[in-house]
Every structure is written in C-alpha cells, then in structure tokens.
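Structure record follows, encoded as structure tokens.
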Amino acid sequence: MADEYKIPRHVAIILDGNGRWAKKRHMPRNFGHKAGADNLEKITEDAWHMGIKYLTVYAFSTENWKRSVEEVTGIMTILRDFLKKSIESANKNNMRVRVIGDRTRLDNDIVQAIEKLEEASAPNTGIQLVIALNYGGRDDITRAVRGIVKDAKDGIINPEDITEEFISSRLDTKDIPDPDLLIRTSGEIRISNFLPWQISYSEFYFCDTLWPDFSKEDLQKAVDYYNGRDRRYGGV
Ligand code: FPP
C-alpha cells in the first residue's frame with residue numbers, strides 16, 4: 001500500500017536570487033526585491049491552498065545591512081508597502097502574520113506597522129506567515145541565552161530547568177513548530193544562519209529557480225521531494 005501523501009506543516013524558505021533576476025532583465029536590484037515581495041504574496045496563498053500551516057521566510061538577515069544604502073533603503077520601502085498591504089490581505093485570507101528577529105535596529109514606523117499587523121491578525125486561524133527580519137540564528141540564540149542567564153541570576157530559573165524544550169521556548173520562534181521542510185532557491189547550498197536550532201530535523205530542498213520565478217509548481221516539487229524521504233529522527 002502506498003504511504004499517505006504528507007503535507008509539511010511548516011515550510012521555511014530562504015528567498016534568494018532577487019538580485020540575479022533583476023540583473024538578467026538589466027534592472028536595478030530593488031526591482032528584483034519588489035518582484036520577490038509580490039511573489040511571496042502569491043506563494044503564501046498557494047501554500048495555504050496546499051494545506052501548509054506555517055510559512056517562514058528569510059526576508060532580511062542580520063548580515064544584509066552590509067549591502068549598499070540604496071539597496072537597504074529600497075528593501076525597507078518594499079517592506080513598508082508589504083506590511084501595509086498585509087493588514088488587508090491577512091483579514092481577507094484569514095492569515096496570521098508574525099515577525100521574528102531583532103527589532104531594535106528597525107525604524108520606528110516599521111516596528112509600529114509590525115505590531116499593528118501582528119495584533120490585527122492574531123485571531124486569524126489560516127496560514128501563519130512568519131517573516132524573519134533582521135534575523136540571524138546565532139543572534140536569536142545569543143539573545144535567548146542572555147535572557148536565560150539574567151533569569152538565573154535573578155533566581156527565577158535553575159540549571160535543571162534548562163531542557164531543549166525550554167531553550168526552544170526562549171527563541172523568537174516560541175509557539176511555532178520546527179520546520180519540516182527548508183527550501184532555498186537560486187542554486188546556493190547554504191543555510192546562511194537561518195533557524196540553525198530549529199532545522200535540526202528538517203528536510204532540505206535546494207532548487208535553481210530564482211525566487212521571483214518560484215511558482216506553485218516549484219513548491220509542489222519541493223513537497224513531492226519531501227514525500228520521497230523517510231524521516232527517522234535518528235531511529236531505525
Ligand atoms: C535575496 O536575494 C533577497 C533578499 C536578501 C531580500 C529579500 C527581500 C524581499 C523579498 C523583499 C522585502 C521583504 C518582504 C518580506 C516583503 P539576493 O538579493 O541575495 O539575490 P542575489 O543572490 O541574486 O543577489
């Protein structure tokens with residue numbers, strides 16, 4: 001008997017290739033980021049129709065500040081528009097949006113837009129879109145350790161309280177199950193500091209498609225690949 005076809009509950013995607021997509025068209029890099037943001041909107045709907053419950057995307061890493069001022073400013077403008085538009089689309093599609101990452105370096109108006117969107121969409125029970133913004137996995141773990149040590153110093157926790165589950169509960173992704181499937185587009189075979197703690201048991205799928213061209217069919221191919229895997233979690 002054929003095994004039942006499994007839909008991954010949580011898919012994480014490293015959105016890569018926007019710059020190359022724009023270059024191929026002799027356009028500035030931010031033209032590619034705009035196309036990437038538009039595609040994220042489309043793929044989120046496709047993912048929901050496929051039965052995926054959580055979609056986490058790497059939109060801006062702690063390292064991305066090293067890009068030119070022009071590019072960073074462009075990405076932030078695209079992000080502002082995306083957050084504004086998402087309030088409407090979240091309610092229309094019953095989507096919940098959450099943002100992970102260190103917010104302290106983001107502009108005030110962006111932080112306010114994030115808080116507004118998170119609050120407005122919190123009751124929604126459809127897909128959860130998790131946007132990693134100024135996110136770095138090591139930074140996530142560092143911030144968690146800092147908080148844990150402070151609580152230990154204040155006598156709130158003891159060494160024996162520190163289990164794997166406890167550490168998970170102190171990361172930005174608390175309450176979000178670990179990704180079942182991690183996808184990276186555009187041909188690079190790297191994790192780039194994305195959710196290193198959370199992807200310990202995830203399946204990895206790498207494809208050459210540049211993010212703005214990544215389609216529902218590409219997502220389906222990734223889920224098919226996921227289904228061909230035997231997930232043993234270290235057992236037999
Ligand atoms: C990777 O492509 C993309 C980024 C670092 C930024 C992604 C940004 C967006 C999709 C838009 C803003 C975010 C949201 C959530 C609306 P790359 O620039 O590394 O491409 P390359 O490797 O071809 O140069």
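Letters for chains follow the order of the structure tokens (A, B, ...), residue numbers begin at 1 for each chain, and ligand numbers begin at 1 in the order shown.
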
>> Going by DSSP on the backbone, which residues of range 42-185 of chain A come out as strand (DSSP E or B)? List them as a ChimeraX atom specification.
In response: /A:54-61,96-100,128-135,181-184

Could you give me, as a tab-separated table, every chain A residue with an atom at most 8 Å from ligand 1, plus its closest atom pair and distance in Å to one decimal, counting only C-alpha atoms and all ligand atoms, rows ordered by chain then number?
```
residue	atom	partner	partner_atom_place_in_ligand_line	distance
A:Ile14	CA	ligand 1	1 (C)	7.7
A:Leu15	CA	ligand 1	1 (C)	5.3
A:Asp16	CA	ligand 1	1 (C)	3.8
A:Gly17	CA	ligand 1	23 (O)	3.3
A:Asn18	CA	ligand 1	20 (O)	4.1
A:Gly19	CA	ligand 1	23 (O)	3.6
A:Arg20	CA	ligand 1	23 (O)	3.6
A:Trp21	CA	ligand 1	23 (O)	6.3
A:Ala22	CA	ligand 1	23 (O)	7.9
A:Arg29	CA	ligand 1	18 (O)	6.9
A:Gly32	CA	ligand 1	18 (O)	7.6
A:His33	CA	ligand 1	11 (C)	4.6
A:Lys34	CA	ligand 1	11 (C)	5.9
A:Ala35	CA	ligand 1	10 (C)	7.5
A:Gly36	CA	ligand 1	10 (C)	4.2
A:Ala37	CA	ligand 1	10 (C)	4.2
A:Asp38	CA	ligand 1	16 (C)	7.6
A:Asn39	CA	ligand 1	10 (C)	7.9
A:Leu40	CA	ligand 1	10 (C)	6.9
A:Val57	CA	ligand 1	15 (C)	7.3
A:Tyr58	CA	ligand 1	7 (C)	7.1
A:Ala59	CA	ligand 1	7 (C)	4.4
A:Phe60	CA	ligand 1	5 (C)	5.4
A:Ser61	CA	ligand 1	5 (C)	7.0
A:Asn64	CA	ligand 1	5 (C)	6.4
A:Ile75	CA	ligand 1	12 (C)	5.2
A:Met76	CA	ligand 1	12 (C)	6.9
A:Ile78	CA	ligand 1	12 (C)	5.5
A:Leu79	CA	ligand 1	16 (C)	4.4
A:Arg80	CA	ligand 1	16 (C)	7.8
A:Asp81	CA	ligand 1	16 (C)	7.7
A:Phe82	CA	ligand 1	16 (C)	5.1
A:Leu83	CA	ligand 1	16 (C)	7.3
A:Ile131	CA	ligand 1	15 (C)	6.0
A:Ala132	CA	ligand 1	15 (C)	7.8
A:Leu133	CA	ligand 1	15 (C)	7.7
A:Ser186	CA	ligand 1	23 (O)	7.3
A:Leu210	CA	ligand 1	23 (O)	7.4
A:Trp211	CA	ligand 1	2 (O)	7.4
```

Atoms kept (C-alpha atoms) for selection, written as an mmCIF file, in the first residue's frame:
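This went into again.cif:
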```
data_model
loop_
_atom_site.group_PDB
_atom_site.id
_atom_site.type_symbol
_atom_site.label_atom_id
_atom_site.label_comp_id
_atom_site.auth_asym_id
_atom_site.auth_seq_id
_atom_site.Cartn_x
_atom_site.Cartn_y
_atom_site.Cartn_z
ATOM 1 C CA ILE A 14 15.415 31.208 2.069
ATOM 2 C CA LEU A 15 14.276 33.682 -0.588
ATOM 3 C CA ASP A 16 17.336 34.002 -2.796
ATOM 4 C CA GLY A 17 18.024 35.246 -6.304
ATOM 5 C CA ASN A 18 16.133 38.541 -6.478
ATOM 6 C CA GLY A 19 19.289 40.409 -7.479
ATOM 7 C CA ARG A 20 20.189 37.971 -10.270
ATOM 8 C CA TRP A 21 16.589 38.002 -11.512
ATOM 9 C CA ALA A 22 16.782 41.814 -11.869
ATOM 10 C CA ARG A 29 18.398 45.063 -7.705
ATOM 11 C CA GLY A 32 14.056 42.155 -8.140
ATOM 12 C CA HIS A 33 13.173 42.635 -4.465
ATOM 13 C CA LYS A 34 9.799 44.128 -5.439
ATOM 14 C CA ALA A 35 9.140 41.104 -7.674
ATOM 15 C CA GLY A 36 10.252 38.908 -4.767
ATOM 16 C CA ALA A 37 7.808 40.542 -2.354
ATOM 17 C CA ASP A 38 4.963 40.182 -4.901
ATOM 18 C CA ASN A 39 5.845 36.523 -5.317
ATOM 19 C CA LEU A 40 5.812 35.999 -1.564
ATOM 20 C CA VAL A 57 10.634 33.318 5.075
ATOM 21 C CA TYR A 58 14.090 34.856 5.378
ATOM 22 C CA ALA A 59 13.404 38.396 4.201
ATOM 23 C CA PHE A 60 16.312 40.289 5.766
ATOM 24 C CA SER A 61 19.255 38.862 7.668
ATOM 25 C CA ASN A 64 22.030 42.226 4.951
ATOM 26 C CA ILE A 75 14.134 46.813 0.672
ATOM 27 C CA MET A 76 12.743 48.779 3.663
ATOM 28 C CA ILE A 78 9.165 47.459 -0.192
ATOM 29 C CA LEU A 79 8.736 46.060 3.311
ATOM 30 C CA ARG A 80 6.679 49.081 4.460
ATOM 31 C CA ASP A 81 4.319 48.585 1.491
ATOM 32 C CA PHE A 82 4.168 44.862 2.139
ATOM 33 C CA LEU A 83 3.262 45.334 5.814
ATOM 34 C CA ILE A 131 8.732 36.916 8.366
ATOM 35 C CA ALA A 132 12.357 36.842 9.510
ATOM 36 C CA LEU A 133 13.534 40.461 9.595
ATOM 37 C CA SER A 186 18.604 30.078 -6.765
ATOM 38 C CA LEU A 210 15.371 32.403 -8.784
ATOM 39 C CA TRP A 211 12.922 33.471 -6.041
#
```

Proximity check range 16-99 of chain A to range 113-129 of chain A, 7 Å, nearest pairs one decimal Å, only C-alpha atoms, as a tab-separated table:
```
residue	atom	partner	partner_atom	distance
A:Trp48	CA	A:Ile127	CA	5.7
A:Ile52	CA	A:Ile127	CA	7.0
A:Lys53	CA	A:Ile127	CA	4.7
A:Tyr54	CA	A:Gln128	CA	4.7
A:Leu55	CA	A:Leu129	CA	5.0
A:Thr56	CA	A:Leu129	CA	5.9
A:Leu83	CA	A:Ala113	CA	6.5
A:Ile87	CA	A:Leu117	CA	5.6
A:Ala90	CA	A:Ser121	CA	6.2
A:Asn91	CA	A:Ser121	CA	6.7
A:Asn94	CA	A:Asn124	CA	4.9
A:Met95	CA	A:Gly126	CA	4.9
A:Arg96	CA	A:Gln128	CA	4.6
A:Val97	CA	A:Leu129	CA	4.8
A:Arg98	CA	A:Glu118	CA	5.6
```

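Near range 165-174 of chain A, within 9 Å and counting only C-alpha atoms, sit A:Val99, A:Ile100, A:Gly101, A:Asp102, A:Val130, A:Asp140, A:Ile141, A:Arg143, A:Ala144, A:Val145, A:Gly147, A:Ile148, A:Leu195, A:Trp197, A:Gln198; same-chain residues fewer than 6 positions away were not included.
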
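Distances here use only C-alpha atoms; by that measure, the residue among A:Lys24, A:Asp218, A:Met50, A:Gly187 closest to Arg9 in chain A is A:Met50.
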
Within 12 Å of Thr62 in chain A, counting only C-alpha atoms, which residues qualify if same-chain residues fewer than 6 places away don't, as a short mmCIF file (atom, residue, chain, number, x, y, z; two decimals) with N, CA, C and O atoms, in the first residue's frame?
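Below is the file selection-v2.cif, written as the result:
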```
data_model
loop_
_atom_site.label_atom_id
_atom_site.label_comp_id
_atom_site.auth_asym_id
_atom_site.auth_seq_id
_atom_site.Cartn_x
_atom_site.Cartn_y
_atom_site.Cartn_z
N VAL A 72 19.43 48.74 0.83
CA VAL A 72 18.77 48.55 2.12
C VAL A 72 17.53 49.46 2.20
O VAL A 72 16.45 49.02 2.59
N ILE A 100 9.89 37.58 13.21
CA ILE A 100 10.96 37.16 14.11
C ILE A 100 12.22 37.95 13.77
O ILE A 100 12.36 38.43 12.64
N GLY A 101 13.11 38.09 14.72
CA GLY A 101 14.33 38.85 14.50
C GLY A 101 14.44 39.97 15.52
O GLY A 101 13.54 40.17 16.34
N ASP A 102 15.55 40.66 15.49
CA ASP A 102 15.80 41.75 16.44
C ASP A 102 15.22 43.05 15.89
O ASP A 102 15.69 43.58 14.88
N ARG A 103 14.20 43.55 16.55
CA ARG A 103 13.51 44.74 16.05
C ARG A 103 14.21 46.05 16.42
O ARG A 103 13.83 47.10 15.91
N THR A 104 15.20 45.96 17.33
CA THR A 104 15.76 47.21 17.86
C THR A 104 16.45 48.04 16.79
O THR A 104 16.58 49.24 16.92
N ARG A 105 16.88 47.40 15.70
CA ARG A 105 17.59 48.16 14.67
C ARG A 105 16.66 48.65 13.55
O ARG A 105 17.09 49.32 12.61
N LEU A 106 15.39 48.27 13.63
CA LEU A 106 14.45 48.67 12.58
C LEU A 106 13.89 50.06 12.87
O LEU A 106 13.79 50.46 14.04
N ALA A 132 11.11 36.64 8.78
CA ALA A 132 12.36 36.84 9.51
C ALA A 132 12.99 38.14 9.03
O ALA A 132 13.39 38.27 7.87
N LEU A 133 13.08 39.10 9.94
CA LEU A 133 13.53 40.46 9.59
C LEU A 133 14.63 40.89 10.55
O LEU A 133 14.42 40.83 11.76
N ASN A 134 15.74 41.29 10.04
CA ASN A 134 16.93 41.50 10.88
C ASN A 134 17.10 40.26 11.76
O ASN A 134 17.25 40.34 12.97
N TYR A 135 16.99 39.12 11.11
CA TYR A 135 17.08 37.83 11.80
C TYR A 135 18.42 37.16 11.52
O TYR A 135 18.91 37.18 10.39
N GLY A 136 18.99 36.57 12.56
CA GLY A 136 20.16 35.73 12.43
C GLY A 136 19.99 34.63 13.46
O GLY A 136 19.60 34.91 14.61
N GLY A 137 20.23 33.40 13.08
CA GLY A 137 20.04 32.30 14.03
C GLY A 137 20.93 32.42 15.24
O GLY A 137 20.50 32.20 16.38
N ARG A 138 22.18 32.79 15.03
CA ARG A 138 23.10 32.92 16.17
C ARG A 138 22.67 34.08 17.06
O ARG A 138 22.78 34.02 18.28
N ASP A 139 22.17 35.14 16.44
CA ASP A 139 21.68 36.29 17.21
C ASP A 139 20.46 35.88 18.03
O ASP A 139 20.33 36.28 19.20
N ASP A 140 19.58 35.08 17.46
CA ASP A 140 18.39 34.57 18.17
C ASP A 140 18.84 33.80 19.42
O ASP A 140 18.35 34.04 20.54
N SER A 192 23.11 29.88 5.72
CA SER A 192 23.23 31.32 5.97
C SER A 192 22.61 31.78 7.29
O SER A 192 21.90 32.80 7.32
N ASN A 193 22.83 31.00 8.36
CA ASN A 193 22.42 31.46 9.70
C ASN A 193 20.90 31.56 9.85
O ASN A 193 20.40 32.35 10.64
N PHE A 194 20.16 30.75 9.08
CA PHE A 194 18.69 30.76 9.15
C PHE A 194 18.20 29.61 10.02
O PHE A 194 18.36 28.45 9.68
#
```

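Nearest residue to Phe204 in chain A, choosing from A:Glu45, A:Asp224, A:Asp180, A:Glu217 and counting only C-alpha atoms: A:Asp180.
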
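Across the model, the gap from CA of Val111 in chain A to CA of Ala12 in chain A is 22.6 Å.
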